[in-house]
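**Student:** File start-v1.cif below, mmCIF, C-alpha atoms:
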data_structure
#
loop_
_atom_site.label_atom_id
_atom_site.label_comp_id
_atom_site.auth_asym_id
_atom_site.auth_seq_id
_atom_site.Cartn_x
_atom_site.Cartn_y
_atom_site.Cartn_z
CA MET M 16 13.44 -2.52 20.07
CA ARG M 17 16.53 -0.32 19.94
CA HIS M 18 18.49 -3.21 18.38
CA VAL M 19 16.01 -3.48 15.47
CA VAL M 20 16.32 -1.57 12.19
CA SER M 21 13.62 -1.71 9.53
CA LEU M 22 14.00 -1.71 5.75
CA ILE M 23 10.89 -0.70 3.82
CA LEU M 24 11.01 -1.87 0.20
CA GLY M 25 9.63 0.70 -2.20
CA GLY M 26 11.79 0.41 -5.28
CA GLY M 27 9.65 -1.61 -7.70
CA LYS M 28 8.15 -0.20 -10.90
CA GLY M 29 4.63 -0.72 -9.58
CA THR M 30 3.37 -2.04 -12.92
CA ARG M 31 0.33 -3.69 -11.28
CA LEU M 32 -0.84 -0.25 -10.10
CA MET M 33 -0.44 1.55 -13.43
CA PRO M 34 -1.52 4.25 -14.28
CA LEU M 35 -1.43 5.34 -10.61
CA THR M 36 2.33 4.74 -10.61
CA GLU M 37 3.07 6.47 -13.91
CA TYR M 38 4.42 9.56 -12.12
CA ARG M 39 4.99 8.27 -8.58
CA SER M 40 6.44 5.25 -6.81
CA LYS M 41 4.09 2.67 -5.36
CA PRO M 42 4.53 3.67 -1.68
CA ALA M 43 3.62 7.27 -2.62
CA VAL M 44 0.16 6.37 -3.97
CA PRO M 45 -2.54 8.28 -2.02
CA LEU M 46 -4.73 6.18 0.28
CA ALA M 47 -8.03 6.75 2.11
CA GLY M 48 -8.33 10.40 1.16
CA LYS M 49 -5.34 11.87 3.01
CA TYR M 50 -2.65 9.22 3.56
CA ARG M 51 -0.03 7.58 1.38
CA LEU M 52 0.82 3.87 1.32
CA ILE M 53 4.21 4.52 2.93
CA ASP M 54 2.46 5.89 6.04
CA VAL M 55 1.30 2.37 6.97
CA PRO M 56 4.66 0.59 7.49
CA ILE M 57 6.27 3.70 9.01
CA SER M 58 3.40 4.14 11.48
CA ASN M 59 3.53 0.47 12.44
CA CYS M 60 7.24 0.84 13.15
CA VAL M 61 6.73 3.98 15.24
CA ASN M 62 3.91 2.38 17.22
CA SER M 63 6.04 -0.73 17.82
CA GLY M 64 9.03 1.21 19.09
CA VAL M 65 11.14 0.64 15.96
CA GLY M 66 12.71 4.05 15.53
CA GLN M 67 15.40 3.32 12.93
CA MET M 68 13.91 3.09 9.45
CA TYR M 69 15.37 3.02 5.95
CA VAL M 70 13.16 3.32 2.86
CA LEU M 71 14.68 1.77 -0.29
CA THR M 72 13.57 3.60 -3.43
CA GLN M 73 14.32 3.48 -7.12
CA PHE M 74 11.54 4.47 -9.57
CA ASN M 75 9.60 7.77 -9.66
CA SER M 76 10.63 8.56 -6.10
CA VAL M 77 10.48 12.38 -5.98
CA SER M 78 7.02 12.67 -4.40
CA LEU M 79 7.83 9.86 -1.96
CA HIS M 80 11.01 11.62 -0.85
CA ARG M 81 9.09 14.88 -0.42
CA HIS M 82 6.36 13.25 1.67
CA ILE M 83 8.81 11.49 3.98
CA ARG M 84 10.92 14.61 4.40
CA GLN M 85 7.90 16.77 5.25
CA THR M 86 6.24 14.23 7.55
CA TYR M 87 8.73 12.23 9.59
CA ASN M 88 11.08 14.67 11.25
CA PHE M 89 11.98 13.41 14.72
CA ASP M 90 13.16 15.93 17.29
CA LEU M 91 16.73 16.36 18.50
CA PHE M 92 16.07 14.36 21.67
CA HIS M 93 14.78 11.30 19.80
CA ASN M 94 17.15 8.65 18.47
CA GLY M 95 14.85 7.63 15.64
CA PHE M 96 15.02 8.48 11.94
CA VAL M 97 13.44 7.72 8.59
CA GLU M 98 16.17 7.82 5.95
CA ILE M 99 15.82 7.29 2.23
CA LEU M 100 18.26 4.94 0.49
CA ALA M 101 17.88 5.57 -3.23
CA ALA M 102 19.27 3.15 -5.78
CA GLN M 103 22.57 4.45 -7.07
CA GLN M 104 25.47 3.48 -9.27
CA THR M 105 28.85 3.13 -7.58
CA PRO M 106 32.37 2.33 -8.80
CA ASP M 107 31.84 -1.24 -7.57
CA ASP M 108 28.32 -1.76 -8.95
CA THR M 109 26.74 0.11 -11.86
CA ASN M 110 23.46 -1.86 -11.82
CA TRP M 111 20.14 -0.78 -10.31
CA TYR M 112 18.15 -2.97 -7.92
CA GLN M 113 17.49 -6.33 -9.57
CA GLY M 114 15.08 -7.70 -6.95
CA THR M 115 14.15 -7.52 -3.27
CA ALA M 116 17.23 -9.35 -2.02
CA ASP M 117 19.51 -7.44 -4.36
CA ALA M 118 18.10 -4.13 -3.10
CA VAL M 119 18.98 -5.05 0.48
CA ARG M 120 22.40 -6.38 -0.57
CA LYS M 121 23.31 -3.04 -2.12
CA GLN M 122 22.61 -1.27 1.20
CA LEU M 123 24.26 -3.74 3.61
CA ARG M 124 26.78 -1.19 4.82
CA PHE M 125 23.99 0.59 6.70
CA LEU M 126 23.15 -2.63 8.57
CA LYS M 127 26.64 -3.34 9.88
CA GLU M 128 26.61 -0.90 12.77
CA ALA M 129 27.47 -2.59 16.05
CA HIS M 130 24.18 -1.95 17.85
CA ILE M 131 22.01 -3.62 15.17
CA ARG M 132 21.02 -7.22 15.93
CA TYR M 133 17.79 -7.64 13.95
CA VAL M 134 16.58 -6.43 10.56
CA LEU M 135 12.85 -6.04 9.91
CA ILE M 136 12.00 -6.08 6.19
CA LEU M 137 8.63 -4.61 5.21
CA SER M 138 6.67 -3.98 2.04
CA GLY M 139 5.39 -0.58 0.97
CA ASP M 140 2.05 -1.68 -0.55
CA GLN M 141 0.07 -3.29 2.28
CA LEU M 142 -2.67 -2.15 4.66
CA TYR M 143 -2.52 -3.57 8.19
CA ARG M 144 -1.83 -2.71 11.82
CA MET M 145 0.76 -4.88 13.59
CA ASP M 146 2.83 -4.69 16.76
CA PHE M 147 6.27 -5.92 15.72
CA ARG M 148 7.24 -6.47 19.36
CA HIS M 149 5.16 -9.66 19.32
CA MET M 150 7.02 -10.84 16.23
CA LEU M 151 10.36 -10.15 17.90
CA SER M 152 9.26 -12.22 20.91
CA THR M 153 8.41 -15.14 18.60
CA HIS M 154 11.79 -14.78 16.92
CA ILE M 155 13.78 -14.74 20.17
CA ASN M 156 11.77 -17.44 21.97
CA HIS M 157 12.30 -19.92 19.13
CA LYS M 158 15.94 -18.94 18.56
CA ALA M 159 15.13 -18.39 14.89
CA GLY M 160 17.46 -17.06 12.24
CA VAL M 161 14.54 -15.54 10.37
CA THR M 162 10.85 -15.21 11.24
CA ILE M 163 8.13 -14.78 8.62
CA ALA M 164 4.78 -13.19 9.47
CA THR M 165 1.91 -15.29 8.12
CA VAL M 166 -1.85 -14.94 7.92
CA PRO M 167 -4.31 -17.84 7.48
CA VAL M 168 -6.18 -17.86 4.15
CA LYS M 169 -8.59 -20.19 2.38
CA ALA M 170 -7.66 -22.42 -0.55
CA ASP M 171 -8.97 -20.10 -3.27
CA ALA M 172 -6.90 -17.19 -1.95
CA ALA M 173 -3.80 -19.32 -1.31
CA ARG M 174 -2.97 -19.55 -5.01
CA ALA M 175 -2.05 -15.85 -5.04
CA PHE M 176 0.49 -15.97 -2.18
CA GLY M 177 3.65 -17.65 -1.01
CA ILE M 178 2.46 -20.46 1.30
CA MET M 179 4.38 -21.84 4.29
CA GLN M 180 4.67 -25.53 5.20
CA LEU M 181 5.28 -26.02 8.95
CA ASP M 182 6.20 -28.69 11.45
CA ASP M 183 4.42 -28.99 14.81
CA SER M 184 6.67 -26.36 16.43
CA GLY M 185 5.84 -23.72 13.83
CA ARG M 186 9.17 -24.07 12.07
CA VAL M 187 8.95 -23.47 8.34
CA VAL M 188 10.07 -26.60 6.50
CA GLY M 189 8.78 -25.74 3.05
CA PHE M 190 7.72 -22.78 0.95
CA ARG M 191 5.71 -22.65 -2.28
CA GLU M 192 5.36 -19.42 -4.22
CA LYS M 193 1.79 -19.09 -5.60
CA PRO M 194 0.93 -22.82 -5.81
CA LYS M 195 -1.33 -23.46 -8.80
CA ASP M 196 -2.16 -27.16 -8.94
CA ASP M 197 -4.18 -28.98 -6.29
CA ALA M 198 -1.40 -31.43 -5.39
CA THR M 199 1.07 -28.64 -4.60
CA LEU M 200 -1.61 -26.80 -2.65
CA GLU M 201 -2.38 -29.86 -0.57
CA SER M 202 1.31 -30.35 0.24
CA VAL M 203 1.43 -27.00 2.07
CA ARG M 204 -1.90 -27.25 3.88
CA THR M 205 -1.70 -26.63 7.63
CA PRO M 206 -4.17 -28.65 9.75
CA ALA M 207 -6.96 -26.50 11.13
CA SER M 208 -6.37 -28.08 14.54
CA TRP M 209 -2.82 -26.66 14.65
CA ILE M 210 -3.99 -23.16 13.77
CA ASP M 211 -6.77 -23.35 16.38
CA ALA M 212 -4.34 -24.65 19.01
CA ASN M 213 -2.13 -21.61 18.46
CA GLY M 214 -4.82 -19.13 19.39
CA ILE M 215 -6.37 -18.35 16.00
CA GLU M 216 -9.75 -19.61 14.81
CA SER M 217 -9.11 -21.26 11.47
CA ASN M 218 -12.68 -20.98 10.11
CA GLY M 219 -11.80 -22.92 6.98
CA ARG M 220 -8.45 -21.17 6.53
CA GLU M 221 -5.86 -23.94 6.29
CA TYR M 222 -3.06 -22.20 4.40
CA LEU M 223 -0.53 -19.82 5.93
CA ALA M 224 0.32 -17.04 3.50
CA SER M 225 3.48 -15.00 3.77
CA MET M 226 2.69 -11.36 4.55
CA GLY M 227 5.97 -10.12 3.09
CA ILE M 228 7.12 -9.16 6.60
CA TYR M 229 10.44 -10.71 7.64
CA LEU M 230 12.53 -10.42 10.79
CA TRP M 231 16.15 -11.49 10.37
CA ASP M 232 19.12 -11.98 12.59
CA ARG M 233 21.36 -9.32 11.14
CA ASP M 234 24.46 -11.52 10.92
CA LEU M 235 22.59 -14.30 9.09
CA LEU M 236 21.08 -11.86 6.61
CA VAL M 237 24.45 -10.30 5.86
CA ASP M 238 26.10 -13.70 5.46
CA LEU M 239 23.44 -15.04 3.06
CA LEU M 240 23.45 -11.93 0.89
CA GLU M 241 27.23 -11.56 0.75
CA SER M 242 27.82 -15.24 -0.03
CA THR M 243 25.33 -15.42 -2.92
CA THR M 244 24.14 -13.38 -5.88
CA HIS M 245 20.48 -14.32 -5.54
CA GLU M 246 18.12 -11.46 -6.33
CA ASP M 247 14.78 -12.32 -4.72
CA PHE M 248 13.86 -13.30 -1.15
CA GLY M 249 10.81 -15.43 -1.93
CA ARG M 250 12.22 -17.24 -4.94
CA ASP M 251 15.87 -17.62 -3.89
CA ILE M 252 16.87 -16.69 -0.35
CA PHE M 253 14.12 -18.28 1.73
CA PRO M 254 14.34 -21.79 0.20
CA MET M 255 18.07 -21.71 0.98
CA ALA M 256 17.50 -20.41 4.52
CA ILE M 257 14.87 -23.09 5.19
CA MET M 258 17.36 -25.83 4.32
CA ASN M 259 20.16 -24.63 6.60
CA HIS M 260 18.67 -22.41 9.32
CA ARG M 261 15.67 -22.17 11.60
CA VAL M 262 12.93 -20.22 9.86
CA GLN M 263 9.99 -19.60 12.18
CA CYS M 264 6.37 -18.72 11.47
CA HIS M 265 4.71 -15.82 13.32
CA LEU M 266 0.92 -16.07 13.18
CA PHE M 267 -1.13 -12.91 12.63
CA ASP M 268 -4.92 -12.73 12.54
CA GLY M 269 -5.70 -9.03 12.16
CA TYR M 270 -6.75 -7.24 9.01
CA TRP M 271 -4.10 -7.46 6.30
CA GLU M 272 -4.51 -6.63 2.63
CA ASP M 273 -1.98 -6.63 -0.18
CA ILE M 274 -3.13 -3.59 -2.17
CA GLY M 275 -0.55 -3.77 -4.93
CA THR M 276 -3.12 -4.16 -7.74
CA ILE M 277 -5.76 -1.75 -9.03
CA LYS M 278 -8.64 -4.02 -8.00
CA ALA M 279 -7.30 -4.70 -4.50
CA PHE M 280 -6.46 -1.03 -3.97
CA PHE M 281 -9.89 0.12 -5.15
CA GLU M 282 -11.78 -2.43 -3.05
CA ALA M 283 -9.70 -1.72 0.06
CA ASN M 284 -10.47 1.99 -0.22
CA LEU M 285 -14.20 1.44 -0.66
CA ALA M 286 -14.27 -1.02 2.25
CA LEU M 287 -13.17 1.83 4.51
CA THR M 288 -16.50 3.59 3.87
CA SER M 289 -18.50 0.82 5.55
CA PRO M 290 -20.22 1.62 8.88
CA THR M 291 -18.10 -1.22 10.30
CA PRO M 292 -14.90 -1.00 8.23
CA PRO M 293 -12.40 -3.87 8.39
CA PHE M 294 -9.63 -1.35 9.13
CA ARG M 295 -9.67 1.97 10.97
CA PHE M 296 -6.98 4.59 10.64
CA ALA M 297 -8.03 6.09 13.96
CA ASP M 298 -6.69 4.06 16.88
CA ARG M 299 -5.85 5.65 20.20
CA LEU M 300 -2.91 3.34 20.87
CA ALA M 301 -1.66 2.76 17.33
CA PRO M 302 -2.72 5.52 14.93
CA ILE M 303 -1.65 5.78 11.31
CA PHE M 304 0.33 9.00 10.90
CA THR M 305 0.63 11.33 7.95
CA ARG M 306 1.57 14.91 7.15
CA PRO M 307 -0.67 17.67 8.61
CA ARG M 308 -1.83 20.02 5.86
CA PHE M 309 -3.66 22.73 7.86
CA LEU M 310 -6.63 22.72 5.49
CA PRO M 311 -10.06 24.19 6.27
CA SER M 312 -13.01 22.02 7.23
CA THR M 313 -14.96 20.46 4.39
CA ARG M 314 -18.06 22.40 3.34
CA MET M 315 -21.20 20.61 2.12
CA ASP M 316 -24.38 22.31 0.92
CA SER M 317 -27.67 20.33 0.72
CA CYS M 318 -26.05 17.07 -0.38
CA THR M 319 -27.06 13.44 -0.03
CA ILE M 320 -24.15 11.39 1.32
CA ARG M 321 -24.19 7.68 2.17
CA GLU M 322 -21.21 5.69 3.46
CA CYS M 323 -18.43 8.03 2.39
CA LEU M 324 -15.04 9.19 3.61
CA ILE M 325 -14.46 12.89 2.95
CA ALA M 326 -11.04 14.42 3.64
CA ASP M 327 -10.16 17.99 4.62
CA GLY M 328 -10.58 21.06 2.48
CA CYS M 329 -13.36 19.84 0.17
CA PHE M 330 -16.36 21.78 -1.18
CA ILE M 331 -19.43 19.78 -2.24
CA GLU M 332 -22.23 21.82 -3.79
CA ALA M 333 -26.02 21.49 -3.54
CA GLY M 334 -27.96 18.65 -5.11
CA THR M 335 -25.01 16.27 -5.26
CA THR M 336 -25.39 12.60 -4.30
CA LEU M 337 -22.38 10.61 -3.10
CA GLU M 338 -22.69 6.93 -2.27
CA LYS M 339 -19.81 4.74 -1.13
CA CYS M 340 -17.09 7.17 -2.15
CA VAL M 341 -13.68 8.20 -0.84
CA ILE M 342 -13.12 11.90 -1.47
CA GLY M 343 -9.54 13.16 -1.21
CA MET M 344 -8.29 16.53 0.00
CA ARG M 345 -9.20 19.81 -1.75
CA THR M 346 -11.81 18.15 -3.97
CA HIS M 347 -14.44 20.48 -5.45
CA ILE M 348 -17.64 18.73 -6.58
CA GLY M 349 -20.16 20.86 -8.44
CA ARG M 350 -23.95 20.96 -8.24
CA ASN M 351 -26.17 17.96 -9.06
CA VAL M 352 -23.32 15.48 -9.41
CA THR M 353 -23.96 11.76 -8.90
CA MET M 354 -21.07 9.55 -7.79
CA ARG M 355 -21.20 5.92 -6.65
CA ASN M 356 -18.30 3.59 -5.85
CA VAL M 357 -15.70 6.23 -6.64
CA VAL M 358 -12.26 6.90 -5.17
CA VAL M 359 -11.13 10.50 -5.67
CA MET M 360 -7.53 11.22 -4.73
CA GLY M 361 -8.07 14.97 -4.50
CA ALA M 362 -5.81 17.82 -5.51
CA ASP M 363 -2.36 19.08 -4.57
CA TYR M 364 -3.51 22.70 -4.65
CA TYR M 365 -6.54 24.94 -5.07
CA PRO M 366 -7.06 26.63 -8.46
CA ASP M 367 -5.64 30.14 -8.55
CA PRO M 368 -8.54 32.54 -7.81
CA LYS M 369 -6.69 35.51 -9.30
CA GLY M 370 -7.43 36.96 -12.71
CA SER M 371 -10.55 38.02 -14.56
CA ALA M 372 -13.37 35.81 -15.78
CA GLU M 373 -12.12 36.32 -19.33
CA SER M 374 -8.70 34.86 -18.49
CA PHE M 375 -10.08 31.81 -16.65
CA SER M 376 -10.23 28.59 -18.66
CA HIS M 377 -11.21 24.98 -18.07
CA ASP M 378 -7.50 24.22 -17.80
CA ASP M 379 -7.56 26.07 -14.47
CA GLU M 380 -10.37 23.95 -13.02
CA LEU M 381 -9.98 20.95 -10.73
CA GLY M 382 -12.55 18.50 -9.42
CA VAL M 383 -15.91 17.37 -10.80
CA GLY M 384 -18.11 19.68 -12.84
CA GLU M 385 -21.83 20.29 -12.47
CA GLY M 386 -24.15 17.47 -13.52
CA ALA M 387 -21.44 14.83 -13.96
CA CYS M 388 -22.21 11.15 -13.34
CA ILE M 389 -19.42 8.77 -12.24
CA ASP M 390 -19.73 5.12 -11.18
CA GLY M 391 -17.04 2.49 -10.51
CA ALA M 392 -14.03 4.73 -11.02
CA MET M 393 -10.84 6.12 -9.54
CA LEU M 394 -9.86 9.72 -10.19
CA ASP M 395 -6.16 10.37 -9.70
CA LYS M 396 -4.93 13.74 -8.43
CA ASN M 397 -5.50 17.11 -10.08
CA VAL M 398 -8.11 15.94 -12.60
CA TRP M 399 -11.00 17.90 -14.07
CA ILE M 400 -14.21 16.05 -14.97
CA GLY M 401 -16.22 18.34 -17.24
CA ARG M 402 -19.79 19.44 -16.71
CA ASN M 403 -22.38 16.75 -17.56
CA ALA M 404 -19.61 14.24 -18.32
CA ARG M 405 -20.44 10.58 -17.75
CA ILE M 406 -18.00 7.83 -16.71
CA VAL M 407 -19.68 4.51 -15.91
CA ALA M 408 -17.30 1.54 -15.71
CA SER M 409 -20.04 -1.11 -15.97
CA GLU M 410 -20.92 0.18 -19.45
CA ALA M 411 -17.35 -0.13 -20.78
CA PRO M 412 -16.83 -2.48 -23.74
CA ALA M 413 -13.96 -4.33 -22.02
CA GLN M 414 -12.52 -5.00 -18.57
CA GLU M 415 -9.09 -3.86 -19.76
CA GLY M 416 -8.01 -1.18 -22.19
CA ASP M 417 -6.73 2.36 -22.66
CA PHE M 418 -9.16 5.04 -23.80
CA GLY M 419 -7.22 8.29 -23.92
CA GLU M 420 -6.93 9.60 -20.37
CA VAL M 421 -9.24 6.89 -19.01
CA TYR M 422 -7.90 3.38 -18.43
CA MET M 423 -9.94 0.26 -17.75
CA ARG M 424 -8.24 -1.99 -15.19
CA ASP M 425 -10.02 -5.04 -13.71
CA GLY M 426 -13.36 -3.49 -14.65
CA ILE M 427 -12.53 -0.18 -12.94
CA ALA M 428 -12.28 3.11 -14.83
CA VAL M 429 -9.09 4.94 -13.81
CA VAL M 430 -8.76 8.61 -14.78
CA ALA M 431 -5.07 9.47 -15.06
CA LYS M 432 -3.34 12.14 -13.00
CA GLY M 433 -3.91 15.64 -14.35
CA ALA M 434 -6.49 14.46 -16.92
CA ARG M 435 -8.87 17.02 -18.48
CA ILE M 436 -12.21 15.43 -19.35
CA PRO M 437 -14.25 17.86 -21.50
CA ASP M 438 -17.83 18.94 -20.85
CA GLY M 439 -20.42 16.40 -21.97
CA TRP M 440 -17.86 13.64 -22.60
CA LYS M 441 -19.23 10.11 -22.31
CA PHE M 442 -17.35 6.98 -21.33
CA PRO M 443 -17.77 4.66 -23.00
CA SER M 444 -18.43 6.67 -26.13
CA ALA M 445 -21.90 6.33 -27.57
#
Before we go any further, please render this structure as structure tokens.
**Tutor:**
Amino acid sequence: MRHVVSLILGGGKGTRLMPLTEYRSKPAVPLAGKYRLIDVPISNCVNSGVGQMYVLTQFNSVSLHRHIRQTYNFDLFHNGFVEILAAQQTPDDTNWYQGTADAVRKQLRFLKEAHIRYVLILSGDQLYRMDFRHMLSTHINHKAGVTIATVPVKADAARAFGIMQLDDSGRVVGFREKPKDDATLESVRTPASWIDANGIESNGREYLASMGIYLWDRDLLVDLLESTTHEDFGRDIFPMAIMNHRVQCHLFDGYWEDIGTIKAFFEANLALTSPTPPFRFADRLAPIFTRPRFLPSTRMDSCTIRECLIADGCFIEAGTTLEKCVIGMRTHIGRNVTMRNVVVMGADYYPDPKGSAESFSHDDELGVGEGACIDGAMLDKNVWIGRNARIVASEAPAQEGDFGEVYMRDGIAVVAKGARIPDGWKFPSA
């Protein structure tokens, strides 16, 4: 894999994940209590032997840069690197990234080194575990110019993805971005017998969705981007490549989830709390890496806990009930709190213990106060939920809306980063 370089796209505004992306880029959003989204593609590259990685960034990228710098430092005897390529204005081009293809075009000079033969393009908002060596084998064996990783989905899910149309050899001969009408959907249906014959049980899944994972011959990618001004891979570049070059499908049947929306992100986190989760971060051969924080063990005192993930450095006081929750690092939960279906992203620091009781204020507190009740919510980092406060998403007057520091998104209550919810506050208001 020493001839492969990966580009991880992380430059979008992340509007579908607002307000989680108000102060951070999408790949920097915390995940599963102690990780960040960017850890997934980087870990998959490391586990696959892809040691040369570039992360393309543009919006709200400070925390992402900090996390990468503090986490992925390879030693002097290792040829690998994770390097950040931030959008920048130059004498030749004063525009920012205009799309996925345009972002790669603006960084082509880093891909023209002699040893690079293949370019692996990845997304920064997906949860999966994949060995890219298998994808490279598919690419080489079929003499493809570009290979697209695909996952079988059912008809109802197919309308949300780019869907591949194949010939019998697995060559992509057509591509439809988010087909809406039944006729278009039928035109890109792959026979279940073909999927079964290629080692994957179709089980009613007759549509091959693009995973947003692309492996290119470097020279072809450079040629297509330098000879056009197209801005997007899915909308512009791939239809052109399909017409003139061999575009191959690589089948994947493991867990894969696009978590670029509030609902998908929330549900993917809660699914990890199941006794048999669809995805495990712990894997002896292919772990998901992140930055070690050297935090103390979590302390729990006479609590009731069912199907939860609890990260390092937390303190959960007596009488509290947690059910199907993800609790992030350094979270303090007071006495007699009830939380169900809640994702807590934790805190970046512990409150300063110095000073007298007279000088301490609620502004210094972090976590969830005594007697609070929370159901169907996400708490971003460094929030304070006041004592006896109540946030119950199912009681909200609307599925969408902004209510001060609480936002309703897809029926989920999202408490913004750094929010201060006062004691006794009720959501929705009585």
**Student:** Do a neighbour search on Lys169 (chain M) at 9 Å with all atoms listed in the file, toss out local chain neighbours closer than 2 positions, and write the hits as a PyMOL selection string.
**Tutor:** chain M and resi 167+171-173+218-223
**Student:** Check what the PyMOL selection byres ((chain M and resi 68-79) around 8) selects in the file above and give those residues as a VMD selection string.
**Tutor:** chain M and resid 20 to 28 36 to 40 42 to 43 57 60 65 to 67 80 to 83 95 to 102 111 to 112 118
**Student:** Let me see the file: selected residues, C-alpha atoms, as an mmCIF file, in the frame of the given file.
**Tutor:**
data_model
loop_
_atom_site.group_PDB
_atom_site.id
_atom_site.type_symbol
_atom_site.label_atom_id
_atom_site.label_comp_id
_atom_site.auth_asym_id
_atom_site.auth_seq_id
_atom_site.Cartn_x
_atom_site.Cartn_y
_atom_site.Cartn_z
ATOM 1 C CA VAL M 20 16.320 -1.570 12.190
ATOM 2 C CA SER M 21 13.620 -1.710 9.530
ATOM 3 C CA LEU M 22 14.000 -1.710 5.750
ATOM 4 C CA ILE M 23 10.890 -0.700 3.820
ATOM 5 C CA LEU M 24 11.010 -1.870 0.200
ATOM 6 C CA GLY M 25 9.630 0.700 -2.200
ATOM 7 C CA GLY M 26 11.790 0.410 -5.280
ATOM 8 C CA GLY M 27 9.650 -1.610 -7.700
ATOM 9 C CA LYS M 28 8.150 -0.200 -10.900
ATOM 10 C CA THR M 36 2.330 4.740 -10.610
ATOM 11 C CA GLU M 37 3.070 6.470 -13.910
ATOM 12 C CA TYR M 38 4.420 9.560 -12.120
ATOM 13 C CA ARG M 39 4.990 8.270 -8.580
ATOM 14 C CA SER M 40 6.440 5.250 -6.810
ATOM 15 C CA PRO M 42 4.530 3.670 -1.680
ATOM 16 C CA ALA M 43 3.620 7.270 -2.620
ATOM 17 C CA ILE M 57 6.270 3.700 9.010
ATOM 18 C CA CYS M 60 7.240 0.840 13.150
ATOM 19 C CA VAL M 65 11.140 0.640 15.960
ATOM 20 C CA GLY M 66 12.710 4.050 15.530
ATOM 21 C CA GLN M 67 15.400 3.320 12.930
ATOM 22 C CA HIS M 80 11.010 11.620 -0.850
ATOM 23 C CA ARG M 81 9.090 14.880 -0.420
ATOM 24 C CA HIS M 82 6.360 13.250 1.670
ATOM 25 C CA ILE M 83 8.810 11.490 3.980
ATOM 26 C CA GLY M 95 14.850 7.630 15.640
ATOM 27 C CA PHE M 96 15.020 8.480 11.940
ATOM 28 C CA VAL M 97 13.440 7.720 8.590
ATOM 29 C CA GLU M 98 16.170 7.820 5.950
ATOM 30 C CA ILE M 99 15.820 7.290 2.230
ATOM 31 C CA LEU M 100 18.260 4.940 0.490
ATOM 32 C CA ALA M 101 17.880 5.570 -3.230
ATOM 33 C CA ALA M 102 19.270 3.150 -5.780
ATOM 34 C CA TRP M 111 20.140 -0.780 -10.310
ATOM 35 C CA TYR M 112 18.150 -2.970 -7.920
ATOM 36 C CA ALA M 118 18.100 -4.130 -3.100
#
**Student:** Run the PyMOL selection byres ((chain M and resi 248) around 12) mentally over the shown coordinates, then write out the matched residues as a ChimeraX atom specification, using the chain letters and numbers from the document.
**Tutor:** /M:24,113-120,136-137,161,163,177,190,192,225,227-229,231,236,239-240,243-247,249-257
**Student:** Go through M:Met179, M:Ile389, M:Val19, M:Leu200 one by one, measure the shortest atom-to-atom distance of each to Ala129 (chain M) using all atoms listed in the file, and give the residue with the smallest value.
**Tutor:**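 Checking each candidate against Ala129 (chain M), we get M:Val19 as the closest.
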**Student:** Nearest residue to Val383 (chain M) out of M:Val61, M:Val237, M:Leu181, M:Ala362, using only C-alpha atoms?
**Tutor:**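 Using only C-alpha atoms, the shortest distance to Val383 (chain M) belongs to M:Ala362.
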**Student:** So which residues get picked by the PyMOL selection byres ((chain M and resi 326) around 6) here, written as a PyMOL selection string?
**Tutor:** chain M and resi 48+325+327+343-344
**Student:** Which residues of region 50-128 of chain M have any atom within 12 Å of an atom in region 284-293 of chain M when counting all atoms listed in the file, and what is the closest pair of atoms for each, with the distance in Å to one decimal? Order the rows by chain and rising number and write it as a Markdown table.
**Tutor:**
| residue | atom | partner | partner_atom | distance |
| --- | --- | --- | --- | --- |
| M:Tyr50 | CA | M:Asn284 | CA | 11.3 |
| M:Arg51 | CA | M:Asn284 | CA | 11.9 |
| M:Leu52 | CA | M:Asn284 | CA | 11.5 |
**Student:** What are the centre and the three edge lengths of an axis-aligned box that wraps all atoms of region 340-351 of chain M in the file, given that 6 Å is added to every side, written as AutoDock Vina command-line options and rounded to one decimal in Å?
**Tutor:**
--center_x -17.2 --center_y 14.1 --center_z -4.5 --size_x 29.9 --size_y 25.8 --size_z 21.1
**Student:** Between M:Gln85, M:Leu310, M:Pro34, M:Ala47, which residue has the minimum interatomic distance to Phe296 (chain M), considering only C-alpha atoms?
**Tutor:**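 Of all the options, M:Ala47 lies closest to Phe296 (chain M).
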**Student:** Mind pulling up the distance from CA of Met393 (chain M) to CA of Val358 (chain M)?
**Tutor:**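 Result for CA of Val358 (chain M) versus CA of Met393 (chain M): 4.7 Å, one decimal.
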